[in-house]
Amino acid sequence: MEINKQIEKAKQGDQVAFTFLLDYYWNEVYGFMLKRTENETNAEDITIETFSKAFDKIATYNSEFQFNTWLIAIAKNVHIDLLRKKKSSLFVEITEEEDQQAYNIADTTPSAEDELITEQNLSQLLQFIKELKPHYQEVIQLRYFQEMSYQEIANKIDEPLSNVKIKLLRAKKLLAEIIQNKR
């Protein structure tokens with residue numbers, strides 16, 4: 001089955017496979033958390049954190065279980081942790097070692113989304129970016145206009161590197177969808 005192939009590739013560190021899994025399962029995990037939290041921002045933050053943890057720990061995934069079941073279990077734990085902390089800040093401090101282990105998503109070949117985004121003229125692109133949620137606007141702005149590295153963005157917005165990578169993947173996908181819909 002296609003999904004199992006993608007999971008195996010992701011375990012090998014394949015960037016395209018990670019992106020495929022993120023796209024394939026995003027709505028399911030987000031929808032599940034939206035029902036539980038009844039809050040779009042929390043649901044989105046938890047979903048980002050879920051994929052971040054899943055990709056860091058993908059080597060431990062047991063194929064006897066459905067991948068979506070595994071993701072939902074991670075999402076539930078992230079949500080429980082959030083409720084336990086009951087702080088305004090969702091993200092836990094992570095050690096530098098964990099940060100280094102964050103899966104290496106910094107792929108040098110431009111994706112289809114990258115190409116679509118760079119084809120746009122600047123004023124049009126800025127209009128499209130304004131349609132994204134503020135936290136997606138921020139990472140796009142830092143990455144493409146201030147040309148910061150993933151690590152620099154992580155330091156600036158004070159979030160783990162893996163979360164920044166997931167947010168950028170998601171932001172690029174949403175931006176590409178906006179551009180395509182306007183064509």
# chains A, B, ... in the order shown; residues from 1 in each chain; ligands from 1

call {"tool": "residues_around", "arguments": {"residues": "stretch 127-137 of chain A", "least_positions_apart": "2", "cutoff": "12 Å", "atoms": "only C-alpha atoms", "output": "MDAnalysis selection string"}}
result
chainID A and resid 40:41 44:45 48 117 120:125 139:145 153 157 159 163:183

call {"tool": "closest_residue", "arguments": {"among": "A:Glu152, A:Glu28, A:Glu113, A:Glu147", "to": "A:Asn68", "atoms": "only C-alpha atoms"}}
result
A:Glu28

call {"tool": "atom_distance", "arguments": {"atom1": "atom CA of A:Gly13", "atom2": "atom CA of A:Ser52"}}
result
13.6 Å

call {"tool": "closest_residue", "arguments": {"among": "A:Thr37, A:Ser63, A:Ser111, A:Asn155", "to": "A:Lys76", "atoms": "only C-alpha atoms"}}
result
A:Thr37

call {"tool": "closest_residue", "arguments": {"among": "A:Asn27, A:Gln6, A:Asn39, A:Ser149", "to": "A:Ile72", "atoms": "only C-alpha atoms"}}
result
A:Asn27

call {"tool": "closest_residue", "arguments": {"among": "A:Met33, A:Ala43, A:Leu161, A:Ala10", "to": "A:Ile58", "atoms": "only C-alpha atoms"}}
result
A:Ala10

call {"tool": "closest_residue", "arguments": {"among": "A:Lys35, A:His79, A:Lys5, A:Arg84", "to": "A:Ala17", "atoms": "only C-alpha atoms"}}
result
A:Lys5

call {"tool": "atom_distance", "arguments": {"atom1": "atom CA of A:Ala59", "atom2": "atom CA of A:Val78"}}
result
18.8 Å

call {"tool": "atom_distance", "arguments": {"atom1": "atom CA of A:Asp114", "atom2": "atom CA of A:Asp158"}}
result
24.7 Å

call {"tool": "select_by_dssp", "arguments": {"residues": "stretch 143-176 of chain A", "states": "alpha helix (DSSP H)", "output": "ChimeraX atom specification"}}
result
/A:150-157,161-176

call {"tool": "write_last_selection", "arguments": {"atoms": "N, CA and C atoms", "output": "compact mmCIF listing (two decimals), in the first residue's frame"}}
result
# COMPACT_ATOMS: atom_id res chain seq x y z
N TYR A 150 16.30 27.89 9.18
CA TYR A 150 15.31 27.28 10.07
C TYR A 150 15.70 27.53 11.54
N GLN A 151 16.99 27.35 11.83
CA GLN A 151 17.46 27.51 13.20
C GLN A 151 17.30 28.95 13.67
N GLU A 152 17.59 29.91 12.80
CA GLU A 152 17.44 31.32 13.17
C GLU A 152 15.97 31.65 13.46
N ILE A 153 15.08 31.07 12.64
CA ILE A 153 13.64 31.29 12.87
C ILE A 153 13.24 30.69 14.22
N ALA A 154 13.71 29.46 14.49
CA ALA A 154 13.40 28.78 15.75
C ALA A 154 13.83 29.65 16.93
N ASN A 155 15.02 30.22 16.84
CA ASN A 155 15.54 31.09 17.91
C ASN A 155 14.69 32.35 18.03
N LYS A 156 14.35 32.95 16.89
CA LYS A 156 13.60 34.21 16.91
C LYS A 156 12.20 34.04 17.50
N ILE A 157 11.48 32.99 17.09
CA ILE A 157 10.12 32.83 17.59
C ILE A 157 10.06 31.92 18.82
N LEU A 161 12.98 23.64 16.64
CA LEU A 161 13.29 23.59 15.22
C LEU A 161 12.27 22.75 14.45
N SER A 162 11.90 21.61 14.98
CA SER A 162 10.97 20.73 14.25
C SER A 162 9.60 21.39 14.07
N ASN A 163 9.16 22.18 15.04
CA ASN A 163 7.88 22.90 14.88
C ASN A 163 7.97 23.92 13.75
N VAL A 164 9.12 24.61 13.68
CA VAL A 164 9.32 25.61 12.63
C VAL A 164 9.24 24.94 11.26
N LYS A 165 9.86 23.77 11.15
CA LYS A 165 9.85 23.05 9.87
C LYS A 165 8.43 22.65 9.47
N ILE A 166 7.66 22.16 10.42
CA ILE A 166 6.28 21.75 10.14
C ILE A 166 5.45 22.98 9.74
N LYS A 167 5.63 24.08 10.49
CA LYS A 167 4.87 25.31 10.18
C LYS A 167 5.18 25.80 8.77
N LEU A 168 6.47 25.75 8.39
CA LEU A 168 6.84 26.21 7.05
C LEU A 168 6.25 25.31 5.98
N LEU A 169 6.32 24.01 6.18
CA LEU A 169 5.73 23.06 5.23
C LEU A 169 4.26 23.38 5.03
N ARG A 170 3.57 23.55 6.15
CA ARG A 170 2.13 23.80 6.14
C ARG A 170 1.82 25.16 5.49
N ALA A 171 2.61 26.17 5.85
CA ALA A 171 2.40 27.51 5.32
C ALA A 171 2.60 27.53 3.80
N LYS A 172 3.63 26.84 3.32
CA LYS A 172 3.89 26.80 1.87
C LYS A 172 2.75 26.09 1.15
N LYS A 173 2.25 25.02 1.73
CA LYS A 173 1.15 24.28 1.11
C LYS A 173 -0.10 25.16 1.04
N LEU A 174 -0.44 25.83 2.13
CA LEU A 174 -1.62 26.70 2.17
C LEU A 174 -1.47 27.86 1.19
N LEU A 175 -0.26 28.43 1.13
CA LEU A 175 0.00 29.55 0.23
C LEU A 175 -0.13 29.09 -1.23
N ALA A 176 0.40 27.93 -1.54
CA ALA A 176 0.30 27.38 -2.90
C ALA A 176 -1.17 27.16 -3.27
